[in-house]
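Student: One file is attached below, query.txt, containing compact mmCIF, C-alpha atoms and all ligand atoms.
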# COMPACT_ATOMS: atom_id res chain seq x y z
CA MET K 1 0.00 0.00 0.00
CA LEU K 2 2.76 2.45 1.05
CA LYS K 3 4.78 1.52 -2.02
CA HIS K 4 1.74 2.27 -4.10
CA ILE K 5 1.30 5.72 -2.60
CA LEU K 6 5.00 6.54 -2.98
CA PHE K 7 4.86 5.50 -6.60
CA LEU K 8 1.89 7.77 -7.15
CA ILE K 9 3.66 10.70 -5.50
CA PHE K 10 6.81 10.16 -7.55
CA SER K 11 4.97 9.89 -10.80
CA ALA K 12 3.02 13.03 -9.95
CA ILE K 13 6.26 14.95 -9.26
CA PHE K 14 7.75 13.58 -12.47
CA LEU K 15 4.73 14.69 -14.48
CA VAL K 16 4.74 18.18 -12.96
CA THR K 17 8.44 18.75 -13.64
CA THR K 18 8.44 17.45 -17.19
CA ASN K 19 5.34 19.44 -17.91
CA ALA K 20 6.86 22.63 -16.47
CA VAL K 21 10.03 22.22 -18.51
CA ALA K 22 8.14 21.60 -21.73
CA HIS K 23 5.87 24.53 -21.02
CA SER K 24 8.57 27.08 -20.23
CA SER K 25 10.67 26.27 -23.27
CA ASN K 26 7.56 26.54 -25.41
CA ALA K 27 6.32 29.76 -23.80
CA PHE K 28 9.56 31.61 -24.52
CA GLU K 29 10.12 30.37 -28.02
CA ARG K 30 10.94 33.45 -30.10
CA SER K 31 11.10 34.75 -33.60
CA THR K 32 12.16 38.23 -34.63
CA ILE K 33 11.28 40.52 -37.49
CA THR K 34 14.02 43.09 -38.04
CA ILE K 35 12.90 45.97 -40.22
CA THR K 36 15.03 46.62 -43.29
CA GLN K 37 12.29 47.71 -45.70
CA SER K 38 8.74 47.25 -44.40
CA LEU K 39 6.83 45.10 -41.98
CA ASN K 40 5.32 42.98 -44.76
CA TYR K 41 8.57 42.47 -46.61
CA ASP K 42 10.67 41.68 -43.56
CA ALA K 43 8.05 39.48 -41.91
CA LYS K 44 7.82 37.35 -45.05
CA LYS K 45 11.59 37.12 -45.18
CA ALA K 46 11.60 35.92 -41.56
CA ASN K 47 8.96 33.29 -42.44
CA ILE K 48 6.34 34.74 -40.12
CA ASN K 49 2.82 33.36 -40.31
CA PRO K 50 0.70 35.89 -42.32
CA SER K 51 -1.99 35.88 -39.65
CA ILE K 52 0.59 37.18 -37.15
CA ILE K 53 1.41 40.06 -39.51
CA LYS K 54 -2.29 40.96 -39.53
CA THR K 55 -2.38 40.77 -35.75
CA ILE K 56 0.66 43.05 -35.48
CA VAL K 57 -0.94 45.70 -37.70
CA ARG K 58 -4.23 45.46 -35.83
CA ILE K 59 -2.86 45.74 -32.30
CA PHE K 60 0.03 48.18 -32.82
CA SER K 61 -1.63 50.61 -35.22
CA TRP K 62 -3.06 52.52 -32.25
CA GLU K 63 0.54 53.48 -31.42
CA ILE K 64 2.50 53.02 -34.64
CA ASP K 65 1.87 54.51 -38.08
CA PHE K 66 3.21 51.67 -40.22
CA ASN K 67 3.74 53.98 -43.20
CA LYS K 68 5.82 56.52 -41.33
CA ASP K 69 7.12 55.44 -37.95
CA LEU K 70 9.17 52.31 -38.69
CA ARG K 71 12.93 52.71 -38.98
CA LYS K 72 15.66 50.32 -40.15
CA GLY K 73 16.68 48.13 -37.24
CA ASP K 74 13.35 48.31 -35.41
CA ARG K 75 12.30 44.85 -34.26
CA PHE K 76 9.15 42.92 -33.56
CA ILE K 77 9.84 40.02 -31.23
CA ILE K 78 7.21 37.28 -31.28
CA VAL K 79 7.16 35.17 -28.14
CA GLY K 80 5.40 31.84 -27.76
CA ASN K 81 3.71 29.60 -30.27
CA SER K 82 3.83 30.50 -33.94
CA GLY K 83 0.07 30.27 -34.50
CA ALA K 84 -2.15 33.31 -35.05
CA ASN K 85 -2.03 34.35 -31.38
CA PRO K 86 1.45 34.21 -29.86
CA SER K 87 1.86 34.84 -26.10
CA ALA K 88 3.45 38.24 -26.62
CA ILE K 89 4.55 40.61 -29.35
CA ILE K 90 7.11 43.24 -28.51
CA TYR K 91 8.11 46.21 -30.63
CA THR K 92 11.48 47.78 -29.92
CA SER K 93 13.14 50.79 -31.50
CA LEU K 94 15.84 53.20 -30.34
CA LYS K 95 13.11 55.39 -28.89
CA LYS K 96 10.66 53.03 -27.30
CA ARG K 97 9.44 49.57 -26.51
CA ILE K 98 5.81 48.53 -26.71
CA ALA K 99 5.11 45.09 -25.25
CA LEU K 100 1.71 43.46 -25.68
CA PHE K 101 0.54 40.18 -24.18
CA ALA K 102 -2.20 37.79 -25.20
CA TYR K 103 -5.15 37.27 -22.92
CA THR K 104 -8.27 35.23 -23.60
CA ASP K 105 -11.36 36.55 -21.83
CA GLN K 106 -14.23 34.53 -20.42
CA GLN K 107 -16.07 34.71 -23.74
CA GLY K 108 -13.07 33.07 -25.38
CA ARG K 109 -11.88 36.17 -27.22
CA THR K 110 -8.13 36.62 -27.41
CA ASP K 111 -6.73 40.13 -27.55
CA TYR K 112 -3.53 41.93 -26.61
CA TYR K 113 -2.90 44.08 -23.56
CA ASP K 114 0.01 45.99 -22.08
CA LYS K 115 1.77 44.63 -18.99
CA ASN K 116 -0.78 46.34 -16.76
CA GLY K 117 -3.63 44.59 -18.53
CA ARG K 118 -4.96 47.50 -20.61
CA SER K 119 -5.66 47.35 -24.35
CA LEU K 120 -4.29 50.03 -26.69
CA HIS K 121 -7.63 50.46 -28.45
CA ALA K 122 -8.66 54.07 -28.35
CA SER K 123 -11.87 54.78 -26.56
CA PHE K 124 -13.98 57.57 -28.04
CA LEU K 125 -15.85 60.48 -26.51
CA LYS K 126 -19.59 60.48 -27.20
CA ALA K 127 -19.34 64.08 -28.46
CA PRO K 128 -16.18 66.10 -29.12
CA LEU K 129 -17.49 69.28 -27.46
CA LYS K 130 -20.04 70.71 -25.05
CA TYR K 131 -22.91 71.51 -27.41
CA ASN K 132 -26.33 73.15 -27.18
CA ARG K 133 -28.19 70.85 -29.53
CA ILE K 134 -27.81 68.58 -32.53
CA SER K 135 -28.95 70.62 -35.54
CA SER K 136 -28.48 67.94 -38.15
CA GLU K 137 -28.18 64.21 -37.67
CA PHE K 138 -26.60 61.61 -39.88
CA GLN K 139 -29.02 61.05 -42.77
CA ARG K 140 -29.07 59.80 -46.31
CA LYS K 141 -30.92 62.82 -47.69
CA ARG K 142 -31.52 66.27 -46.37
CA LEU K 143 -32.40 69.61 -47.95
CA HIS K 144 -29.13 71.51 -47.78
CA PRO K 145 -29.74 74.87 -46.09
CA ILE K 146 -27.50 76.81 -48.46
CA LEU K 147 -27.49 74.79 -51.67
CA LYS K 148 -31.29 74.06 -51.43
CA THR K 149 -30.70 70.63 -52.91
CA TRP K 150 -31.13 67.15 -51.46
CA LYS K 151 -27.81 65.79 -50.36
CA PRO K 152 -26.76 63.11 -47.91
CA HIS K 153 -25.41 64.37 -44.62
CA ARG K 154 -23.10 61.66 -43.30
CA ALA K 155 -22.06 63.57 -40.21
CA VAL K 156 -23.52 65.15 -37.12
CA ASP K 157 -23.82 68.92 -36.68
CA PHE K 158 -23.53 70.15 -33.11
CA THR K 159 -24.68 73.72 -32.47
CA ALA K 160 -22.51 75.67 -30.04
CA LYS K 161 -21.26 79.21 -29.53
CA THR K 162 -18.32 80.43 -31.59
CA GLY K 163 -15.14 79.76 -29.65
CA THR K 164 -16.42 76.66 -27.83
CA PRO K 165 -13.44 74.28 -27.48
CA VAL K 166 -13.48 71.15 -29.68
CA TYR K 167 -11.72 68.04 -28.36
CA SER K 168 -10.13 65.12 -30.13
CA SER K 169 -12.61 62.33 -29.53
CA ALA K 170 -9.86 59.72 -29.04
CA ASN K 171 -6.08 59.36 -28.99
CA GLY K 172 -4.70 59.77 -32.48
CA VAL K 173 -2.49 61.62 -34.93
CA VAL K 174 -3.34 64.87 -36.77
CA GLN K 175 -3.65 64.08 -40.46
CA HIS K 176 -4.86 67.45 -41.83
CA ARG K 177 -5.12 70.89 -40.28
CA LYS K 178 -6.08 73.35 -42.99
CA ARG K 179 -8.76 75.30 -44.82
CA MET K 180 -10.63 72.97 -47.15
CA GLY K 181 -13.46 74.43 -49.32
CA ALA K 182 -16.94 73.82 -47.93
CA LEU K 183 -15.56 72.34 -44.69
CA GLY K 184 -13.76 75.60 -43.83
CA ASN K 185 -11.06 75.21 -41.20
CA VAL K 186 -10.91 71.49 -40.66
CA VAL K 187 -8.92 68.97 -38.62
CA TYR K 188 -8.64 65.28 -39.53
CA ILE K 189 -7.43 62.88 -36.87
CA LYS K 190 -6.40 59.29 -37.52
CA HIS K 191 -7.01 56.74 -34.77
CA GLY K 192 -5.25 53.45 -35.38
CA ASN K 193 -5.25 52.27 -38.98
CA THR K 194 -9.02 52.10 -39.41
CA TYR K 195 -10.67 55.16 -37.85
CA THR K 196 -10.60 58.84 -38.78
CA THR K 197 -12.54 61.72 -37.25
CA VAL K 198 -13.20 65.06 -39.00
CA TYR K 199 -13.95 68.39 -37.30
CA ALA K 200 -15.15 71.15 -39.66
CA HIS K 201 -16.14 74.88 -39.78
CA LEU K 202 -13.70 75.72 -36.96
CA SER K 203 -13.14 79.42 -36.20
CA ARG K 204 -9.50 78.63 -35.41
CA PHE K 205 -7.14 75.78 -34.61
CA ALA K 206 -5.63 75.05 -31.22
CA ARG K 207 -2.38 76.93 -30.73
CA GLY K 208 0.60 74.94 -32.00
CA LEU K 209 -1.48 72.14 -33.54
CA ARG K 210 0.39 70.66 -36.48
CA VAL K 211 0.13 67.75 -38.91
CA ALA K 212 1.65 64.44 -37.65
CA GLN K 213 1.29 65.55 -34.03
CA LYS K 214 -0.02 63.01 -31.56
CA VAL K 215 -3.13 64.10 -29.67
CA LYS K 216 -4.84 62.64 -26.64
CA LYS K 217 -8.51 61.94 -26.17
CA GLY K 218 -10.06 65.15 -24.81
CA GLN K 219 -7.23 67.41 -25.99
CA ILE K 220 -8.37 70.74 -27.52
CA ILE K 221 -7.73 70.77 -31.26
CA GLY K 222 -9.74 73.87 -32.28
CA TYR K 223 -12.74 76.09 -31.62
CA VAL K 224 -16.28 76.14 -32.99
CA GLY K 225 -16.90 78.57 -35.83
CA SER K 226 -18.75 79.00 -39.09
CA THR K 227 -15.99 78.90 -41.71
CA GLY K 228 -16.63 77.29 -45.10
CA ARG K 229 -20.17 76.50 -46.24
CA SER K 230 -22.07 77.10 -43.02
CA THR K 231 -25.10 79.12 -41.93
CA GLY K 232 -24.08 79.64 -38.31
CA PRO K 233 -21.63 78.49 -35.66
CA HIS K 234 -21.62 74.71 -35.32
CA LEU K 235 -19.28 71.73 -35.42
CA HIS K 236 -19.65 69.35 -38.34
CA TYR K 237 -18.31 66.04 -37.04
CA GLU K 238 -17.59 62.90 -39.06
CA LEU K 239 -16.51 59.43 -38.05
CA ARG K 240 -14.96 57.29 -40.75
CA TYR K 241 -14.24 53.60 -40.52
CA LYS K 242 -11.92 52.38 -43.30
CA GLY K 243 -12.80 55.56 -45.18
CA ILE K 244 -16.57 55.08 -44.95
CA ARG K 245 -18.58 57.64 -42.98
CA LYS K 246 -20.49 56.13 -40.06
CA ASN K 247 -23.05 57.65 -37.73
CA PRO K 248 -21.01 58.86 -34.74
CA LEU K 249 -24.09 58.78 -32.50
CA THR K 250 -24.93 55.13 -33.07
CA TYR K 251 -21.82 53.40 -34.41
CA ARG K 252 -20.45 50.77 -32.03
CA LEU K 253 -16.91 51.98 -31.44
CA PRO K 254 -14.16 49.84 -29.96
CA LYS K 255 -13.77 50.24 -26.24
CA GLN K 256 -10.66 50.30 -24.18
CA LYS K 257 -10.61 46.85 -22.60
CA ASN K 258 -8.91 45.56 -19.50
CA VAL K 259 -7.90 42.09 -18.35
CA ALA K 260 -10.54 40.78 -15.97
CA HIS K 261 -9.74 41.58 -12.35
CA ASP K 262 -9.66 37.91 -11.31
CA ASP K 263 -7.08 37.08 -13.97
CA LEU K 264 -4.93 40.19 -13.54
CA TRP K 265 -2.38 38.80 -11.08
CA ARG K 266 -1.70 35.73 -13.23
CA PHE K 267 -1.59 37.89 -16.37
CA LYS K 268 0.94 40.34 -14.90
CA ASN K 269 3.05 37.52 -13.57
CA LYS K 270 3.31 35.89 -16.98
CA ALA K 271 3.99 39.25 -18.67
CA ASN K 272 6.86 39.92 -16.27
CA LYS K 273 8.32 36.46 -16.87
CA ILE K 274 8.30 37.09 -20.61
CA LEU K 275 9.86 40.54 -20.19
CA ASN K 276 12.58 39.12 -17.95
CA SER K 277 13.33 36.42 -20.50
CA LEU K 278 13.92 39.18 -23.07
CA ASN K 279 16.51 40.99 -20.99
CA ASN K 280 19.03 38.34 -21.97
CA TYR K 281 18.02 38.52 -25.58
ZN ZN X 1 -22.66 69.10 -41.26
So, in terms of structure tokens, how does the structure I just supplied come out?

Tutor:
Amino acid sequence: MLKHILFLIFSAIFLVTTNAVAHSSNAFERSTITITQSLNYDAKKANINPSIIKTIVRIFSWEIDFNKDLRKGDRFIIVGNSGANPSAIIYTSLKKRIALFAYTDQQGRTDYYDKNGRSLHASFLKAPLKYNRISSEFQRKRLHPILKTWKPHRAVDFTAKTGTPVYSSANGVVQHRKRMGALGNVVYIKHGNTYTTVYAHLSRFARGLRVAQKVKKGQIIGYVGSTGRSTGPHLHYELRYKGIRKNPLTYRLPKQKNVAHDDLWRFKNKANKILNSLNNY
């Protein structure tokens, strides 16, 4: 009987140790993309699974403009299995390091979070200013107040006093800041690689605002006015997803997500282990 129990204990210990060894070597398996030309080119050269390239663009585009920000020698380190969802993906350049870690939520959805368990997805303000009323909603056809013709209005017009501050509705990068025909003084802000917001008829721009500048959610980018084709002070606000104008009042925008509280300790622990393993890399 005793022999039996001892045997069970030994085999249990043996199983645990072999399992742990196999797991740790697997968890820290790595491949690296070193940028010489572009993410696509260099990832293919490094034999990286195409679905990982897609994941990289999706999760890092909130922080990296893949057309402009990458420099020769920048690296993406992929940690863990080589399937579509590796354990971690780490971007390193001379200037910064962005490390993102996989986490699967209780609904079975895997996404990437920083080491504190927060996603990079921008979250959006409901409205980019304090307004009096909505004077024109998103609609397929409306009688244009100046042109007197039926035109679609794929935007929302918020009425507010001239000079009311207008905020960037999410973290992003200024794409345009200029006078543009019927839109008057207008600011375009890019959020990640799929969303753009447009703020038109501004009386003036925020001091120092320039193209390619990074802006935070809630940062002042300009002031309400009536420049361009406009009958009175209001903000014409557009939300574009992959270039297509969506209704900003009803469109289901991505939310900033966090790792579930119950899983946070385990998540952080694993993230730190991965980061430590990279220090010798
Ligand atoms: Zn409008």

Student: As an mmCIF file with C-alpha atoms, in the coordinates of the input, please: the residues near Gly228 of chain K (cut-off 8 Å, all atoms listed in the file, same-chain neighbours under 6 positions excluded).

Tutor:
data_model
loop_
_atom_site.group_PDB
_atom_site.id
_atom_site.type_symbol
_atom_site.label_atom_id
_atom_site.label_comp_id
_atom_site.auth_asym_id
_atom_site.auth_seq_id
_atom_site.Cartn_x
_atom_site.Cartn_y
_atom_site.Cartn_z
ATOM 1 C CA MET K 180 -10.630 72.970 -47.150
ATOM 2 C CA GLY K 181 -13.460 74.430 -49.320
ATOM 3 C CA ALA K 182 -16.940 73.820 -47.930
ATOM 4 C CA LEU K 183 -15.560 72.340 -44.690
ATOM 5 C CA GLY K 184 -13.760 75.600 -43.830
ATOM 6 C CA ASN K 185 -11.060 75.210 -41.200
ATOM 7 C CA HIS K 201 -16.140 74.880 -39.780
#

Student: Check which residues fall inside 7 Å of ligand ZN 1 (chain X) when counting all atoms listed in the file, and print them as a list in words.

Tutor: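 The distance check yields Ser136, His153, Ala155, Val156, Asp157, His236 and Tyr237 of chain K.
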
Student: Env of Ala206 of chain K: 12 Å cut, atoms = all atoms listed in the file, seq-sep filter 2 positions within chain, self excluded. Answer as a list in words.

Tutor: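 That gives Gly163, Thr164, Pro165, Val166, Tyr167, Ser168, Val174, Arg177, Lys178, Asn185, Val186, Val187, Leu202, Ser203, Arg204, Gly208, Leu209, Arg210, Val215, Gln219, Ile220, Ile221, Gly222, Tyr223 and Val224 of chain K.
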
Student: Mind running segment 104-186 of chain K against segment 247-252 of chain K at 9 Å and telling me each contacting residue's nearest atom pair with the distance in Å (one decimal), counting all atoms listed in the file, chain and number ascending, as CSV?

Tutor:
residue,atom,partner,partner_atom,distance
K:Lys126,CA,K:Leu249,CA,7.2
K:Ala127,CA,K:Leu249,CA,8.2
K:Glu137,CA,K:Asn247,CA,8.3
K:Phe138,CA,K:Asn247,CA,5.7
K:Gln139,CA,K:Asn247,CA,8.5
K:Arg154,CA,K:Asn247,CA,6.9
K:Ala155,CA,K:Asn247,CA,6.5
K:Val156,CA,K:Pro248,CA,7.2

Student: Nearest residue to Gly243 of chain K out of K:Tyr195, K:Phe124, K:Phe60, K:Trp265, using only C-alpha atoms?

Tutor: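 Result for the nearest residue to Gly243 of chain K: K:Tyr195.
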
Student: Distance atom CA of Gly83 of chain K-atom CA of Phe101 of chain K, one decimal place?

Tutor: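 Distance reported for this atom pair: 14.3 Å.
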
Student: Atom CA of Gly232 of chain K to atom CA of Val198 of chain K: how many Å, to one decimal?

Tutor: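 Distance reported for this atom pair: 18.2 Å.
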
Student: Give me the residues near segment 64-80 of chain K as a short mmCIF file (atom, residue, chain, number, x, y, z; two decimals) with C-alpha atoms, keeping the file's coordinate frame, where near means some atom within 9 Å (using only C-alpha atoms) and where sequence neighbours in that chain fewer than 3 positions away do not count.

Tutor:
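Result saved to part09.cif:
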data_model
loop_
_atom_site.label_atom_id
_atom_site.label_comp_id
_atom_site.auth_asym_id
_atom_site.auth_seq_id
_atom_site.Cartn_x
_atom_site.Cartn_y
_atom_site.Cartn_z
CA SER K 25 10.67 26.27 -23.27
CA ASN K 26 7.56 26.54 -25.41
CA ALA K 27 6.32 29.76 -23.80
CA PHE K 28 9.56 31.61 -24.52
CA GLU K 29 10.12 30.37 -28.02
CA ARG K 30 10.94 33.45 -30.10
CA SER K 31 11.10 34.75 -33.60
CA THR K 32 12.16 38.23 -34.63
CA ILE K 33 11.28 40.52 -37.49
CA THR K 34 14.02 43.09 -38.04
CA ILE K 35 12.90 45.97 -40.22
CA THR K 36 15.03 46.62 -43.29
CA GLN K 37 12.29 47.71 -45.70
CA SER K 38 8.74 47.25 -44.40
CA LEU K 39 6.83 45.10 -41.98
CA ILE K 52 0.59 37.18 -37.15
CA ILE K 56 0.66 43.05 -35.48
CA VAL K 57 -0.94 45.70 -37.70
CA PHE K 60 0.03 48.18 -32.82
CA SER K 61 -1.63 50.61 -35.22
CA GLY K 83 0.07 30.27 -34.50
CA ASN K 85 -2.03 34.35 -31.38
CA PRO K 86 1.45 34.21 -29.86
CA SER K 87 1.86 34.84 -26.10
CA ALA K 88 3.45 38.24 -26.62
CA ILE K 89 4.55 40.61 -29.35
CA ILE K 90 7.11 43.24 -28.51
CA TYR K 91 8.11 46.21 -30.63
CA THR K 92 11.48 47.78 -29.92
CA SER K 93 13.14 50.79 -31.50
CA LEU K 94 15.84 53.20 -30.34
CA VAL K 173 -2.49 61.62 -34.93
CA GLY K 192 -5.25 53.45 -35.38
CA ASN K 193 -5.25 52.27 -38.98
CA ILE K 274 8.30 37.09 -20.61
#

Student: I'd like to know which of K:Ser123, K:Thr231, K:Asn279, K:Asn269 is closest to Lys217 of chain K, using only C-alpha atoms.

Tutor: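 Closest residue, counting only C-alpha atoms: K:Ser123.
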
Student: What's the 8 Å shell around Leu125 of chain K, counting only C-alpha atoms, without same-chain residues fewer than 6 positions away, as number ranges by chain?

Tutor: K: 169-170, 217-218

Student: Have a look at K:Asn47, K:Asn40, K:Ser226, K:Thr196 and name the one nearest to Thr159 of chain K; count only C-alpha atoms.

Tutor: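 Of all the options, K:Ser226 lies closest to Thr159 of chain K.
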
Student: Let me know the centre plus edge lengths, in Å and rounded to one decimal, of a box with edges along x, y and z that contains all listed atoms of segment 262-270 of chain K and is padded by 8 Å on every side, as lines of an AutoDock Vina configuration file.

Tutor:
center_x = -3.2
center_y = 38.0
center_z = -14.0
size_x = 29.0
size_y = 20.6
size_z = 21.9

Student: Env of Ala260 of chain K: 12 Å cut, atoms = only C-alpha atoms, seq-sep filter 5 positions within chain, self excluded. Answer as a list in words.

Tutor: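 So, after excluding close chain neighbours, the residues are Tyr103, Thr104, Asp105, Gln106, Gln107, Tyr113, Asn116, Gly117, Arg118, Ser119, Trp265, Arg266, Phe267 and Lys268 of chain K.
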
Student: So how many Å separate atom CA of Asp263 of chain K and atom CA of Tyr112 of chain K, to one decimal?

Tutor: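 Separation of atom CA of Asp263 of chain K and atom CA of Tyr112 of chain K: 14.0 Å.
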
Student: Using all atoms listed in the file, which of K:Lys270, K:Glu238, K:Arg229, K:Tyr41 sits nearest Tyr188 of chain K?

Tutor: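 Closest residue, counting all atoms listed in the file: K:Glu238.
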
Student: Please determine, counting only C-alpha atoms, which residue among K:Arg133, K:Lys273, K:His191, K:Arg179 has the shortest atom-to-atom distance to Pro233 of chain K.

Tutor: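 Going through K:Arg133, K:Lys273, K:His191, K:Arg179 one by one, the smallest distance to Pro233 of chain K is for K:Arg133.
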
Student: Hey, which of K:Thr194, K:Gly172, K:Ile244, K:Pro145 ends up closest to Ser230 of chain K? Count only C-alpha atoms.

Tutor: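 The closest residue to Ser230 of chain K is K:Pro145.
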